[in-house]
Structures are given as C-alpha cells and as structure tokens.
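Q: Dumping the structure here so I can ask a few things about it.
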Amino acid sequence: MSSGPPRREDPTQNTGGFEELRAGNLGLRLAAGANEIRAAQALRYRVFYEEMGAHADAATAAARLDQDEFDGVADHLVVLDHDLGDGPDAVVGTYRLIRRPGAAKLGRFYSQAEYDVSPLLAYPGEVMELGRSCVAAPYRTRGTLQLLWRGIAAYVFRYRIDLMFGCASLHGTDPDALAPQLSYLHAYHLAPEGLRPRALPDRYVKMDRMSLDPAAAKAALVELPPLVKGYLRLGGFVGDGAVIDHQFNTTDVCILVKTDLVTDKYYRHYERTAGGAKEE
C-alpha cells in the first residue's frame with residue numbers, strides 16, 4: 001500500500017489531459033509530437049555540449065542533438081516562450097520524466113548506469129525518474145524555475161507519483177574542488193538507510209570529503225545548483241556516493257524526493273486558483 005498523500009480527484013482530468021501552465025509569455029506543457037521533442041533535444045545539445053563542455057561523439061556532433069534511447073519512453077516537459085510562437089521554435093526549457101512503464105520497455109532507468117536504485121524500485125508506490133533538465137540562458141530566472149516546478153507538481157499529481165528520483169549534476173569533474181558541496185549533502189541530506197541508493201562500486205566517489213563548521217555549511221548550500229536546492233526544499237535526500245560523468249563534464253549525485261509535499265502544495269495552489277475551499 002502506498003505511503004504517499006491521500007488520493008484526491010485530479011483537476012486536470014476534467015479537461016482530459018495535462019493542461020498548459022502559464023506565467024506571462026511563458027507556458028509549460030508536455031511536448032506535442034516528435035518536432036517538439038527534437039527541439040528539446042537541440043536545446044539540450046546547446047546547453048550541455050556547447051555551453052557546459054560535454055564531450056560529443058561524431059554522431060551527436062553531426063546531429064547537434066542530445067538524444068538517447070530513453071527519450072522514446074519518456075514524457076518531455078517543455079517551456080515555451082509564446083512570444084516566439086506556439087511550437088518547436090518556442091521551446092526554451094525542458095525536463096525529461098520517465099515512469100515505471102516506460103523504464104520497463106528498456107529494462108532499466110537511466111540512473112541505473114550510475115547507481116544501485118533497488119531500494120527506490122522496491123518503494124511501495126509509483127516512482128518517476130527526472131533528468132535532462134535545462135533552460136536556455138536568457139530564461140534562467142526564478143520565474144522559469146518556478147514554472148518548471150509547477151509542471152513537475154502537476155505531473156506528479158496527475159500520475160499519482162509517490163517518489164521521484166534522478167541524477168542531479170554539479171558542474172565539473174574534480175570532486176576535491178566540489179568537496180564543500182558534496183560534504184554538505186552527505187552530512188545534512190543523506191537518505192535513510194532503507195531508502196538509500198548507492199553509487200555502483202566501480203564508479204563510487206566518496207562524498208564525505210571534509211568537515212564543515214556552520215558557516216562553511218551555509219556557504220556550501222549557497223553554492224549548490226538552483227535545481228538541487230529546489231529538491232532539498234521539498235525534503236529531498238541524496239544517495240551514498242557521487243559519480244563522475246566525464247562525457248557531460250559533471251559530478252552526479254542521486255536525489256530522491258517523497259512527493260507528499262509536492263502534491264500538497266500543488267493541491268493548495270489548484271484550489272486557490274480555482275476558487276475552491278481549502279480542505280482541512
């Protein structure tokens with residue numbers, strides 16, 4: 001039996017699908033067809049390879065697309081700038097979401113190349129993997145990030161997700177340079193043992209690299225990427241061990257979040273915007 005939040009009627013089902021969320025000229029919805037997924041892949045290439053220094057093989061460089069087999073079994077959230085249009089040319093942000101049925105088609109989640117996630121797969125409820133999040137540089141604002149979080153919350157609510165997880169990235173491949181951030185995550189946000197993924201033995205990098213006094217811990221928190229801080233604000237945990245991803249020029253940590261807070265916040269937001277009475 002699921003230990004997630006009480007089941008409530010999903011408001012999006014009144015319109016038969018995942019509704020677009022709006023914030024001024026920006027909208028967020030699921031990608032509508034192959035062309036919008038391709039636009040998301042092109043954005044991922046520009047951000048990950050051209051901007052962040054990921055290493056492209058010949059086929060990836062020729063296509064100028066960040067793509068893999070998981071794209072075909074995922075849902076793709078896209079942020080659209082409607083001042084640029086309503087289709088592929090308007091895609092300025094994206095997030096890839098994979099649920100159990102999609103992962104089952106390939107026999108694995110993406111994170112399983114880096115982590116033993118068996119404690120998460122044994123969790124009594126629906127699980128979802130998040131990944132490949134990126135936003136075009138001019139749109140990296142608090143408002144865009146909040147819109148992405150609203151989209152994730154709406155998706156979690158619609159599909160009754162109880163636990164979400166994924167590999168979150170710190171820029172760079174030198175764990176000593178990232179020692180304060182890694183040590184902070186290990187000291188303050190390590191997942192409970194029964195729910196703790198662990199980096200695969202041949203990829204395991206120790207996270208507990210230095211001791212931190214309160215001032216150093218606060219400074220390390222400030223230096224974390226905004227997306228990681230967003231997970232932590234929702235009560236997120238990290239797994240045991242980091243993983244160096246040389247292809248993407250990152251150091252990865254496994255993040256997991258029980259979705260109770262996500263769905264409760266979304267439900268309260270929906271009732272406010274719909275004018276409904278607050279449920280006690």
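By convention here, the chains of the structure tokens are called A, B, ... in the order presented, each chain's residues are numbered starting at 1, and ligands are numbered starting at 1 in the order presented.
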Using 9 Å as the limit and counting only C-alpha atoms, can you tabulate each residue of segment 130-200 of chain A that touches segment 107-111 of chain A, with its shortest atom-to-atom distance in Å and the two atoms involved, as JSON lines?

A:
{"residue": "A:Gly131", "atom": "CA", "partner": "A:Tyr110", "partner_atom": "CA", "distance": 8.6}
{"residue": "A:Phe165", "atom": "CA", "partner": "A:Ser111", "partner_atom": "CA", "distance": 8.7}
{"residue": "A:Gly166", "atom": "CA", "partner": "A:Ser111", "partner_atom": "CA", "distance": 6.2}
{"residue": "A:Cys167", "atom": "CA", "partner": "A:Ser111", "partner_atom": "CA", "distance": 6.2}

Q: Mind writing the picked residues with N, CA and C atoms as a PDB file, in the first residue's frame?

A:
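Resulting contents of again.pdb:
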ATOM      1  N   GLY A 131      15.218  13.860 -15.232  1.00  0.00           N
ATOM      2  CA  GLY A 131      16.547  14.080 -15.769  1.00  0.00           C
ATOM      3  C   GLY A 131      16.547  15.021 -16.958  1.00  0.00           C
ATOM      4  N   PHE A 165      13.024  10.510  -8.389  1.00  0.00           N
ATOM      5  CA  PHE A 165      14.469  10.424  -8.182  1.00  0.00           C
ATOM      6  C   PHE A 165      15.178  10.727  -9.488  1.00  0.00           C
ATOM      7  N   GLY A 166      16.475  10.893  -9.406  1.00  0.00           N
ATOM      8  CA  GLY A 166      17.261  11.126 -10.604  1.00  0.00           C
ATOM      9  C   GLY A 166      18.665  11.545 -10.245  1.00  0.00           C
ATOM     10  N   CYS A 167      19.517  11.628 -11.261  1.00  0.00           N
ATOM     11  CA  CYS A 167      20.890  12.078 -11.076  1.00  0.00           C
ATOM     12  C   CYS A 167      20.937  13.589 -11.273  1.00  0.00           C
TER      13      CYS A 167
END

Q: Find, counting only C-alpha atoms, the residue in A:Ala136, A:Arg64, A:Tyr45, A:Gln146 that gets nearest to Leu21 of chain A.

A: A:Gln146

Q: Rank nothing, just name the residue among A:Cys134, A:Ile98, A:Ala58, A:Val127 nearest to Leu148 of chain A, using only C-alpha atoms.

A: A:Cys134

Q: Using only C-alpha atoms, which protein or nucleic acid residues come within 12 Å of Ala31 of chain A? Drop anything in the same chain fewer than 4 positions from it, and give the result as JSON, numbers by chain.

A: {"A": [18, 19, 20, 27, 35, 36, 37, 38, 39, 40, 41, 71, 74, 75, 76, 77, 78, 79, 80, 86, 87, 88, 90, 91, 92, 93, 94, 95, 96, 97]}

Q: What parts of segment 182-243 of chain A does DSSP call strand (DSSP E or B)? I'd like the answer as JSON, numbers by chain.

A: {"A": [190, 198, 199, 205, 237, 238, 240, 242, 243]}

Q: Just the helix (DSSP H, G or I) stuff from segment 30-224 of chain A, please, per backbone DSSP, written as a PyMOL selection string.

A: chain A and resi 34-51+58-63+69-73+88-90+100-106+110-113+118-121+137-139+142-158+179-189+193-195+214-223

Q: Could you write out the selected residues, including C-alpha atoms, as an mmCIF file, in the first residue's frame?

A:
data_model
loop_
_atom_site.group_PDB
_atom_site.id
_atom_site.type_symbol
_atom_site.label_atom_id
_atom_site.label_comp_id
_atom_site.auth_asym_id
_atom_site.auth_seq_id
_atom_site.Cartn_x
_atom_site.Cartn_y
_atom_site.Cartn_z
ATOM 1 C CA ALA A 34 8.333 14.490 -32.484
ATOM 2 C CA ASN A 35 9.201 18.017 -33.623
ATOM 3 C CA GLU A 36 8.914 19.463 -30.133
ATOM 4 C CA ILE A 37 10.910 16.575 -28.661
ATOM 5 C CA ARG A 38 13.572 17.253 -31.291
ATOM 6 C CA ALA A 39 13.562 20.928 -30.286
ATOM 7 C CA ALA A 40 14.099 19.861 -26.668
ATOM 8 C CA GLN A 41 16.992 17.629 -27.746
ATOM 9 C CA ALA A 42 18.511 20.527 -29.710
ATOM 10 C CA LEU A 43 18.244 22.757 -26.638
ATOM 11 C CA ARG A 44 19.872 20.073 -24.522
ATOM 12 C CA TYR A 45 22.749 19.888 -27.023
ATOM 13 C CA ARG A 46 23.306 23.634 -26.922
ATOM 14 C CA VAL A 47 23.298 23.757 -23.135
ATOM 15 C CA PHE A 48 25.114 20.521 -22.280
ATOM 16 C CA TYR A 49 27.653 20.347 -25.113
ATOM 17 C CA GLU A 50 28.221 23.891 -26.353
ATOM 18 C CA GLU A 51 27.848 25.715 -23.045
ATOM 19 C CA ALA A 58 30.783 12.166 -34.029
ATOM 20 C CA ALA A 59 27.110 11.250 -34.442
ATOM 21 C CA THR A 60 25.980 13.625 -31.670
ATOM 22 C CA ALA A 61 28.079 16.493 -33.052
ATOM 23 C CA ALA A 62 26.744 15.934 -36.557
ATOM 24 C CA ALA A 63 23.115 15.838 -35.432
ATOM 25 C CA GLU A 69 17.055 5.535 -26.178
ATOM 26 C CA PHE A 70 15.329 6.859 -23.038
ATOM 27 C CA ASP A 71 13.799 9.756 -24.958
ATOM 28 C CA GLY A 72 11.445 7.352 -26.698
ATOM 29 C CA VAL A 73 9.943 6.044 -23.441
ATOM 30 C CA PRO A 88 9.156 23.815 -31.703
ATOM 31 C CA ASP A 89 10.707 27.244 -32.314
ATOM 32 C CA ALA A 90 9.353 28.424 -28.955
ATOM 33 C CA ARG A 100 7.908 2.656 -14.438
ATOM 34 C CA PRO A 101 6.042 1.566 -17.603
ATOM 35 C CA GLY A 102 8.475 3.488 -19.785
ATOM 36 C CA ALA A 103 11.553 2.158 -17.988
ATOM 37 C CA ALA A 104 10.144 -1.371 -18.237
ATOM 38 C CA LYS A 105 10.288 -1.154 -22.034
ATOM 39 C CA LEU A 106 14.075 -0.791 -21.811
ATOM 40 C CA TYR A 110 18.805 5.901 -16.871
ATOM 41 C CA SER A 111 20.154 6.297 -13.308
ATOM 42 C CA GLN A 112 20.947 2.597 -13.098
ATOM 43 C CA ALA A 113 24.097 3.183 -15.157
ATOM 44 C CA SER A 118 16.912 -1.105 -5.924
ATOM 45 C CA PRO A 119 15.700 0.491 -2.635
ATOM 46 C CA LEU A 120 13.767 3.025 -4.722
ATOM 47 C CA LEU A 121 12.320 0.430 -7.086
ATOM 48 C CA ALA A 137 20.455 31.113 -20.855
ATOM 49 C CA PRO A 138 18.159 34.175 -21.253
ATOM 50 C CA TYR A 139 15.372 32.331 -19.422
ATOM 51 C CA ARG A 142 13.345 32.370 -10.725
ATOM 52 C CA GLY A 143 10.061 32.574 -12.626
ATOM 53 C CA THR A 144 11.115 29.930 -15.151
ATOM 54 C CA LEU A 145 12.315 27.597 -12.405
ATOM 55 C CA GLN A 146 9.057 28.059 -10.530
ATOM 56 C CA LEU A 147 7.139 27.237 -13.701
ATOM 57 C CA LEU A 148 9.150 24.023 -14.100
ATOM 58 C CA TRP A 149 8.394 23.078 -10.501
ATOM 59 C CA ARG A 150 4.703 23.741 -11.074
ATOM 60 C CA GLY A 151 4.837 21.444 -14.088
ATOM 61 C CA ILE A 152 6.540 18.678 -12.148
ATOM 62 C CA ALA A 153 3.984 19.049 -9.351
ATOM 63 C CA ALA A 154 1.093 18.863 -11.810
ATOM 64 C CA TYR A 155 2.594 15.768 -13.451
ATOM 65 C CA VAL A 156 3.214 14.119 -10.073
ATOM 66 C CA PHE A 157 -0.376 14.868 -9.085
ATOM 67 C CA ARG A 158 -1.848 13.578 -12.327
ATOM 68 C CA ALA A 179 34.306 18.915 -1.609
ATOM 69 C CA PRO A 180 32.264 21.512 0.346
ATOM 70 C CA GLN A 181 29.059 20.853 -1.607
ATOM 71 C CA LEU A 182 29.455 17.071 -1.598
ATOM 72 C CA SER A 183 30.300 17.030 2.111
ATOM 73 C CA TYR A 184 27.332 19.252 2.908
ATOM 74 C CA LEU A 185 24.918 16.977 1.046
ATOM 75 C CA HIS A 186 26.343 13.888 2.772
ATOM 76 C CA ALA A 187 26.273 15.458 6.241
ATOM 77 C CA TYR A 188 22.820 17.061 6.109
ATOM 78 C CA HIS A 189 20.744 15.273 3.469
ATOM 79 C CA GLU A 193 19.356 3.672 5.049
ATOM 80 C CA GLY A 194 16.305 1.724 3.874
ATOM 81 C CA LEU A 195 15.743 4.167 1.019
ATOM 82 C CA PRO A 214 28.139 26.067 10.389
ATOM 83 C CA ALA A 215 29.484 28.957 8.305
ATOM 84 C CA ALA A 216 31.121 26.607 5.802
ATOM 85 C CA ALA A 217 27.959 24.505 5.590
ATOM 86 C CA LYS A 218 25.894 27.607 4.833
ATOM 87 C CA ALA A 219 28.361 28.674 2.137
ATOM 88 C CA ALA A 220 28.286 25.206 0.582
ATOM 89 C CA LEU A 221 24.477 25.291 0.440
ATOM 90 C CA VAL A 222 24.601 28.640 -1.368
ATOM 91 C CA GLU A 223 26.949 27.173 -3.991
#

Q: Given only C-alpha atoms as the basis, pick out the residue of A:Glu114, A:Asp264, A:Asp202, A:Asp174 nearest to Thr251 of chain A.

A: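 Ranked by minimum distance to Thr251 of chain A, first place goes to A:Asp174.
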
Q: To one decimal place, how far is atom CA of Met52 of chain A from atom CA of Thr250 of chain A in Å?

A: 8.9 Å

Q: Any idea what the distance is between atom CA of Leu261 of chain A and atom CA of Ile161 of chain A?

A: 11.8 Å

Q: Report, in Å with one decimal, the straight-line distance from atom CA of Leu28 of chain A to atom CA of Thr141 of chain A.

A: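 Between these atoms lies a distance of 14.6 Å.
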
Q: Give me, as number ranges by chain, all polymer residues having an atom no more than 10 Å from Gln247 of chain A, counting only C-alpha atoms and skipping those fewer than 2 positions away in the same chain.

A: A: 48-49, 53-57, 173, 244-245, 249-250

Q: Could you write out the selected residues, including N, CA and C atoms, as a JSON list (two decimals), in the first residue's frame?

A:
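Result file follows (again.json):
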[["chain", "number", "residue", "atom", "x", "y", "z"],
["A", 48, "PHE", "N", 24.19, 21.50, -22.85],
["A", 48, "PHE", "CA", 25.11, 20.52, -22.28],
["A", 48, "PHE", "C", 26.45, 20.49, -23.01],
["A", 49, "TYR", "N", 26.43, 20.53, -24.33],
["A", 49, "TYR", "CA", 27.65, 20.35, -25.11],
["A", 49, "TYR", "C", 28.33, 21.67, -25.44],
["A", 53, "GLY", "N", 30.29, 22.11, -21.77],
["A", 53, "GLY", "CA", 31.52, 21.39, -22.05],
["A", 53, "GLY", "C", 31.41, 19.88, -22.11],
["A", 54, "ALA", "N", 30.21, 19.35, -22.32],
["A", 54, "ALA", "CA", 30.08, 17.90, -22.52],
["A", 54, "ALA", "C", 30.81, 17.49, -23.80],
["A", 55, "HIS", "N", 31.22, 16.23, -23.86],
["A", 55, "HIS", "CA", 32.02, 15.73, -24.97],
["A", 55, "HIS", "C", 31.13, 14.93, -25.93],
["A", 56, "ALA", "N", 30.99, 15.42, -27.15],
["A", 56, "ALA", "CA", 30.12, 14.79, -28.13],
["A", 56, "ALA", "C", 30.88, 13.81, -28.99],
["A", 57, "ASP", "N", 30.25, 12.64, -29.24],
["A", 57, "ASP", "CA", 30.82, 11.76, -30.25],
["A", 57, "ASP", "C", 30.45, 12.30, -31.63],
["A", 173, "THR", "N", 34.41, 17.91, -12.90],
["A", 173, "THR", "CA", 34.71, 16.50, -12.63],
["A", 173, "THR", "C", 35.81, 16.33, -11.58],
["A", 244, "ILE", "N", 31.40, 10.45, -11.19],
["A", 244, "ILE", "CA", 31.98, 11.36, -12.18],
["A", 244, "ILE", "C", 31.46, 10.97, -13.56],
["A", 245, "ASP", "N", 30.86, 11.92, -14.25],
["A", 245, "ASP", "CA", 30.38, 11.71, -15.61],
["A", 245, "ASP", "C", 31.25, 12.53, -16.55],
["A", 249, "ASN", "N", 30.86, 16.24, -18.28],
["A", 249, "ASN", "CA", 31.68, 17.18, -17.52],
["A", 249, "ASN", "C", 31.00, 17.56, -16.21],
["A", 250, "THR", "N", 30.46, 16.54, -15.52],
["A", 250, "THR", "CA", 29.74, 16.78, -14.28],
["A", 250, "THR", "C", 30.13, 15.76, -13.21]]

Q: Ranking A:Arg203, A:His82, A:Lys258, A:Arg196 by minimum distance to Gly125 of chain A and counting only C-alpha atoms, which one comes first?

A: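 Counting only C-alpha atoms, the residue closest to Gly125 of chain A is A:Lys258.
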
Q: Rank nothing, just name the residue among A:Arg99, A:Val238, A:Val117, A:Asn25 nearest to Glu129 of chain A, using only C-alpha atoms.

A: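 Under the stated criterion, the closest residue is A:Arg99.
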
Q: When distances are computed from only C-alpha atoms, which of A:Leu227, A:Ala191, A:Met207, A:Val257 shows the smallest separation from Gly239 of chain A?

A: A:Ala191
